[in-house]
Amino acid sequence: MPTKSPAKSAATRGSQPMLHQKGMQIQEFGTVRQLPVGLSHDARMYSCERLNQCLADSQILYSLYKKHHWLMRGPTFYQLHLLLDKHAGEQLELIDTIAERVQTLGGVAIGDPRHVAEITVIPRPPDGVEEVPAMISRLLEAHEAILIAAHDAAKRADEMGDDGTNDLLVSDVIRTGELQAWFLAEHLVDTPLVES
């Protein structure tokens with residue numbers, strides 16, 4: 001019976017995916033590693049905690065935008081359908097930026113939706129379809145919760161010398177959230193569509 005050459009055996013073995021692997025957790029959520037970013041452990045820990053809360057709430061806001069985008073109804077369907085999808089895309093970009101800031105600070109970005117659901121402050125909507133003004137109000141309330149927390153976190157990050165987190169919160173989270181809230185709020189103004 002012929003034997004396999006060692007080179008062929010290693011090549012065959014090397015192309016098979018090693019499936020169903022389990023590993024140890026190498027960093028726990030809520031901890032920070034020491035990275036050479038010029039910030040104290042306390043500043044990085046604080047920023048990671050606040051950023052992870054913002055990240056969780058922003059992931060829920062993104063999901064609300066997509067839900068309401070899909071379930072939109074009524075005479076302004078097309079405009080709101082497009083607007084909510086645009087806002088969802090902007091939130092998705094923010095989510096990635098916030099998560100990368102947590103990682104840059106040596107933390108662990110919250111990513112599992114089940115974990116997100118445990119720590120978010122954004123109330124859960126009904127599983128069904130709400131009336132359009134209720135959908136918009138729900139989005140505005142989520143924005144306001146995120147904005148209040150972001151203003152506070154930005155101020156504290158600045159006091160702790162974390163300019164990068166302050167800049168991200170002010171330039172990205174707050175400015176994007178304020179603009180999106182304005183666009184949404186204008187859809188709740190009671191003005192006639194076709195007559196004056």
# chains A, B, ... in the order shown; residues from 1 in each chain; ligands from 1

$ residues_around --residues "segment 54-58 of chain A" --least-positions-apart "4" --cutoff "9 Å" --atoms "only C-alpha atoms" --output "PyMOL selection string"
chain A and resi 49-50+62-63+91-92+94-96+98-99+109-111+113+115-117+119-122+142-143+145-146+149-150+173

$ residues_around --residues "segment 152-159 of chain A" --least-positions-apart "4" --cutoff "12 Å" --atoms "only C-alpha atoms" --output "PyMOL selection string"
chain A and resi 39-40+42-54+145-148+163-174

$ residues_around --residues "segment 76-84 of chain A" --least-positions-apart "6" --cutoff "10 Å" --atoms "only C-alpha atoms" --output "VMD selection string"
chain A and resid 62 64 to 70 90 132 136 139 180 183 to 184 187 193

$ closest_residue --among "A:His41, A:Arg114, A:Arg73, A:His87" --to "Trp182 of chain A" --atoms "only C-alpha atoms"
A:His87

$ closest_residue --among "A:Gly74, A:Pro192, A:Gly161, A:Gly23" --to "Glu130 of chain A" --atoms "only C-alpha atoms"
A:Gly74

$ select_by_dssp --residues "segment 7-112 of chain A" --states "alpha helix (DSSP H)" --output "JSON, numbers by chain"
{"A": [7, 8, 9, 10, 11, 12, 13, 14, 41, 42, 43, 44, 45, 46, 47, 48, 49, 50, 51, 52, 53, 54, 55, 56, 57, 58, 59, 60, 61, 62, 63, 64, 65, 66, 67, 68, 69, 70, 71, 77, 78, 79, 80, 81, 82, 83, 84, 85, 86, 87, 88, 89, 90, 91, 92, 93, 94, 95, 96, 97, 98, 99, 100, 101, 102, 103, 104]}

$ closest_residue --among "A:Leu179, A:Met160, A:Val102, A:Val108" --to "Gln27 of chain A" --atoms "only C-alpha atoms"
A:Val108

$ atom_distance --atom1 "atom CA of Thr31 of chain A" --atom2 "atom CA of Gly107 of chain A"
5.9 Å
